[in-house]
>>> print(open('model.cif').read())   # mmCIF, C-alpha atoms
data_run
#
loop_
_atom_site.group_PDB
_atom_site.id
_atom_site.type_symbol
_atom_site.label_atom_id
_atom_site.label_comp_id
_atom_site.auth_asym_id
_atom_site.auth_seq_id
_atom_site.Cartn_x
_atom_site.Cartn_y
_atom_site.Cartn_z
ATOM 1 C CA MET A 1 33.996 234.820 96.606
ATOM 2 C CA HIS A 2 30.899 236.898 95.873
ATOM 3 C CA VAL A 3 30.013 239.823 98.163
ATOM 4 C CA GLN A 4 26.679 241.616 98.204
ATOM 5 C CA ILE A 5 26.490 245.013 99.892
ATOM 6 C CA ILE A 6 22.913 245.728 100.934
ATOM 7 C CA LEU A 7 21.743 249.293 100.417
ATOM 8 C CA PHE A 8 18.839 250.834 102.332
ATOM 9 C CA ASP A 9 17.455 254.361 102.550
ATOM 10 C CA GLY A 10 19.807 256.369 104.780
ATOM 11 C CA PHE A 11 22.900 254.137 104.436
ATOM 12 C CA ASP A 12 26.303 255.618 105.336
ATOM 13 C CA PRO A 13 28.128 256.177 102.013
ATOM 14 C CA LEU A 14 31.592 255.557 103.482
ATOM 15 C CA ASP A 15 30.449 252.191 104.858
ATOM 16 C CA VAL A 16 29.520 251.193 101.297
ATOM 17 C CA ILE A 17 32.076 252.863 99.062
ATOM 18 C CA ALA A 18 35.238 251.952 101.032
ATOM 19 C CA PRO A 19 34.574 248.180 101.180
ATOM 20 C CA TYR A 20 33.308 248.208 97.589
ATOM 21 C CA GLU A 21 36.548 249.811 96.408
ATOM 22 C CA VAL A 22 38.734 247.371 98.367
ATOM 23 C CA LEU A 23 36.766 244.303 97.273
ATOM 24 C CA HIS A 24 36.666 245.441 93.648
ATOM 25 C CA ALA A 25 40.457 245.937 93.683
ATOM 26 C CA ALA A 26 40.869 242.491 95.253
ATOM 27 C CA GLY A 27 38.821 241.032 92.426
ATOM 28 C CA GLN A 28 41.027 242.702 89.842
ATOM 29 C CA ALA A 29 44.209 241.526 91.587
ATOM 30 C CA ALA A 30 42.836 237.983 91.939
ATOM 31 C CA GLU A 31 41.690 237.775 88.305
ATOM 32 C CA GLY A 32 37.989 237.827 89.208
ATOM 33 C CA ALA A 33 38.133 235.534 92.240
ATOM 34 C CA VAL A 34 36.347 238.255 94.238
ATOM 35 C CA THR A 35 33.204 239.935 92.944
ATOM 36 C CA VAL A 36 31.058 242.593 94.596
ATOM 37 C CA GLU A 37 27.684 244.123 93.844
ATOM 38 C CA LEU A 38 25.274 246.596 95.418
ATOM 39 C CA VAL A 39 21.788 245.223 96.127
ATOM 40 C CA ALA A 40 18.578 246.385 97.836
ATOM 41 C CA ALA A 41 15.673 244.432 99.328
ATOM 42 C CA GLU A 42 13.346 246.034 96.770
ATOM 43 C CA GLY A 43 15.590 245.089 93.845
ATOM 44 C CA THR A 44 17.021 247.417 91.213
ATOM 45 C CA ARG A 45 16.556 251.056 92.229
ATOM 46 C CA GLU A 46 18.286 254.302 93.178
ATOM 47 C CA VAL A 47 18.877 254.196 96.940
ATOM 48 C CA PRO A 48 19.265 257.538 98.769
ATOM 49 C CA SER A 49 22.073 257.707 101.311
ATOM 50 C CA GLY A 50 21.911 259.435 104.669
ATOM 51 C CA THR A 51 24.075 262.163 103.115
ATOM 52 C CA PRO A 52 21.836 263.902 100.559
ATOM 53 C CA PRO A 53 21.888 264.248 97.614
ATOM 54 C CA LEU A 54 24.132 261.180 97.197
ATOM 55 C CA SER A 55 22.446 257.967 96.133
ATOM 56 C CA LEU A 56 23.735 254.713 94.671
ATOM 57 C CA ARG A 57 22.093 252.290 92.262
ATOM 58 C CA ALA A 58 21.299 248.790 93.468
ATOM 59 C CA VAL A 59 21.592 246.287 90.625
ATOM 60 C CA GLY A 60 19.169 243.749 92.060
ATOM 61 C CA ALA A 61 17.861 242.027 95.164
ATOM 62 C CA PRO A 62 19.978 240.065 97.658
ATOM 63 C CA ASP A 63 20.504 236.453 96.632
ATOM 64 C CA LEU A 64 21.517 234.400 99.660
ATOM 65 C CA ASP A 65 22.193 231.332 97.522
ATOM 66 C CA ARG A 66 24.724 233.220 95.419
ATOM 67 C CA ALA A 67 26.390 235.451 98.019
ATOM 68 C CA ASP A 68 29.300 234.188 100.087
ATOM 69 C CA VAL A 69 29.378 237.396 102.136
ATOM 70 C CA ILE A 70 26.594 239.861 102.955
ATOM 71 C CA LEU A 71 27.790 243.305 104.040
ATOM 72 C CA LEU A 72 25.282 245.538 105.816
ATOM 73 C CA PRO A 73 26.530 249.133 106.189
ATOM 74 C CA GLY A 74 25.653 251.508 108.992
ATOM 75 C CA ALA A 75 23.240 254.416 108.711
ATOM 76 C CA ALA A 76 24.069 258.101 108.317
ATOM 77 C CA GLY A 77 22.207 261.295 108.942
ATOM 78 C CA ARG A 78 19.902 262.358 111.722
ATOM 79 C CA HIS A 79 17.685 259.719 113.305
ATOM 80 C CA THR A 80 14.206 260.803 114.288
ATOM 81 C CA PRO A 81 12.967 258.304 116.865
ATOM 82 C CA GLU A 82 9.514 256.846 116.650
ATOM 83 C CA PRO A 83 7.189 257.885 119.512
ATOM 84 C CA GLU A 84 7.475 254.466 121.140
ATOM 85 C CA ASP A 85 11.277 254.813 121.227
ATOM 86 C CA THR A 86 11.399 258.056 123.166
ATOM 87 C CA GLY A 87 10.841 256.675 126.681
ATOM 88 C CA GLU A 88 10.319 258.953 129.666
ATOM 89 C CA GLY A 89 11.041 262.647 129.310
ATOM 90 C CA GLY A 90 11.593 262.364 125.588
ATOM 91 C CA GLN A 91 15.044 260.826 126.074
ATOM 92 C CA TRP A 92 15.461 258.476 123.143
ATOM 93 C CA GLY A 93 17.032 255.167 124.040
ATOM 94 C CA ARG A 94 16.825 255.671 127.818
ATOM 95 C CA ARG A 95 14.169 252.985 128.235
ATOM 96 C CA ARG A 96 16.172 250.530 126.134
ATOM 97 C CA ALA A 97 19.313 251.222 128.129
ATOM 98 C CA ARG A 98 17.524 250.608 131.427
ATOM 99 C CA THR A 99 16.100 247.316 130.196
ATOM 100 C CA ALA A 100 19.605 246.301 129.108
ATOM 101 C CA GLY A 101 20.871 246.872 132.658
ATOM 102 C CA HIS A 102 22.715 250.099 131.909
ATOM 103 C CA ASP A 103 21.833 253.494 133.367
ATOM 104 C CA PRO A 104 22.849 256.113 130.784
ATOM 105 C CA GLY A 105 23.059 258.745 133.533
ATOM 106 C CA ALA A 106 25.655 256.773 135.507
ATOM 107 C CA PRO A 107 29.324 257.728 135.132
ATOM 108 C CA ARG A 108 31.357 255.435 132.945
ATOM 109 C CA PRO A 109 34.245 253.514 134.520
ATOM 110 C CA TYR A 110 36.858 255.095 132.258
ATOM 111 C CA ALA A 111 35.616 258.611 133.071
ATOM 112 C CA ARG A 112 36.570 258.467 136.772
ATOM 113 C CA ASN A 113 38.876 261.121 138.104
ATOM 114 C CA ARG A 114 42.345 259.676 137.868
ATOM 115 C CA PRO A 115 45.669 261.377 138.540
ATOM 116 C CA ALA A 116 47.549 262.445 135.448
ATOM 117 C CA ARG A 117 50.229 260.009 134.350
ATOM 118 C CA ARG A 118 53.746 261.339 134.561
ATOM 119 C CA GLY A 119 57.112 260.091 133.488
ATOM 120 C CA ARG A 120 55.905 258.581 130.175
ATOM 121 C CA GLY A 121 58.584 260.293 128.120
ATOM 122 C CA GLY A 122 58.375 263.443 126.061
ATOM 123 C CA ALA A 123 59.176 267.021 127.008
ATOM 124 C CA GLY A 124 59.178 267.998 130.657
ATOM 125 C CA THR A 125 59.400 264.515 132.165
#
>>> encode(input="model.cif", output="structure tokens")
Amino acid sequence: MHVQIILFDGFDPLDVIAPYEVLHAAGQAAEGAVTVELVAAEGTREVPSGTPPLSLRAVGAPDLDRADVILLPGAAGRHTPEPEDTGEGGQWGRRRARTAGHDPGAPRPYARNRPARRGRGGAGT
């Protein structure tokens, strides 16, 4: 099984390094049955993470014919929204949430006032 982890500017280092380490160890334990490499859309280059000054080196471009698994990590660092993303009142994501049928100002179901649970064991019960 061949895994390609796609790097992009601002990637979350933990989302890359943890799976890389696990997959690499699996490959060693399985005598090379699992291989993993870091790639970037632009090909071989140093890719800055969202946690400066850390960057990782991509060894090439993604190859969908060769990869059995493509892993796309999350992003890290501060996101500066584009002007079209800010919606009304400068609240980023509010417009998207409304169009998805969710009002971000509404209370969440799990945040309702509920009586404290008692008698679950532990001290004082």
>>> atom_distance(input="model.cif", atom1="atom CA of A:Ala40", atom2="atom CA of A:Gly27")
21.6 Å
>>> resolve_selection(input="model.cif", expression="the PyMOL selection byres ((chain A and resi 39) around 8)", output="PyMOL selection string")
chain A and resi 4-7+37-38+40-41+43-44+58-62
>>> closest_residue(input="model.cif", among="A:Leu56, A:Val34, A:Leu64, A:Val47", to="A:Phe8", atoms="only C-alpha atoms")
A:Val47
>>> closest_residue(input="model.cif", among="A:Leu72, A:His24, A:Ser49, A:Arg78", to="A:Asp12", atoms="only C-alpha atoms")
A:Ser49
>>> atom_distance(input="model.cif", atom1="atom CA of A:Ala76", atom2="atom CA of A:Gly50")
4.4 Å
>>> resolve_selection(input="model.cif", expression="the PyMOL selection byres ((chain A and resi 67) around 8)", output="PyMOL selection string")
chain A and resi 1-4+62-66+68-70
>>> write_last_selection(input="model.cif", atoms="C-alpha atoms", output="short mmCIF file (atom, residue, chain, number, x, y, z; two decimals), in the coordinates of the input")
data_model
loop_
_atom_site.label_atom_id
_atom_site.label_comp_id
_atom_site.auth_asym_id
_atom_site.auth_seq_id
_atom_site.Cartn_x
_atom_site.Cartn_y
_atom_site.Cartn_z
CA MET A 1 34.00 234.82 96.61
CA HIS A 2 30.90 236.90 95.87
CA VAL A 3 30.01 239.82 98.16
CA GLN A 4 26.68 241.62 98.20
CA PRO A 62 19.98 240.06 97.66
CA ASP A 63 20.50 236.45 96.63
CA LEU A 64 21.52 234.40 99.66
CA ASP A 65 22.19 231.33 97.52
CA ARG A 66 24.72 233.22 95.42
CA ASP A 68 29.30 234.19 100.09
CA VAL A 69 29.38 237.40 102.14
CA ILE A 70 26.59 239.86 102.96
#
>>> atom_distance(input="model.cif", atom1="atom CA of A:Thr51", atom2="atom CA of A:Gly74")
12.3 Å
>>> closest_residue(input="model.cif", among="A:Leu23, A:Val16, A:Ala75, A:Leu54", to="A:Thr35", atoms="only C-alpha atoms")
A:Leu23
>>> closest_residue(input="model.cif", among="A:Ala29, A:Arg57, A:Pro73, A:Asp15", to="A:Arg45", atoms="all atoms listed in the file")
A:Arg57
>>> closest_residue(input="model.cif", among="A:Pro52, A:Glu42, A:Leu71, A:Gly32", to="A:Ile17", atoms="all atoms listed in the file")
A:Leu71
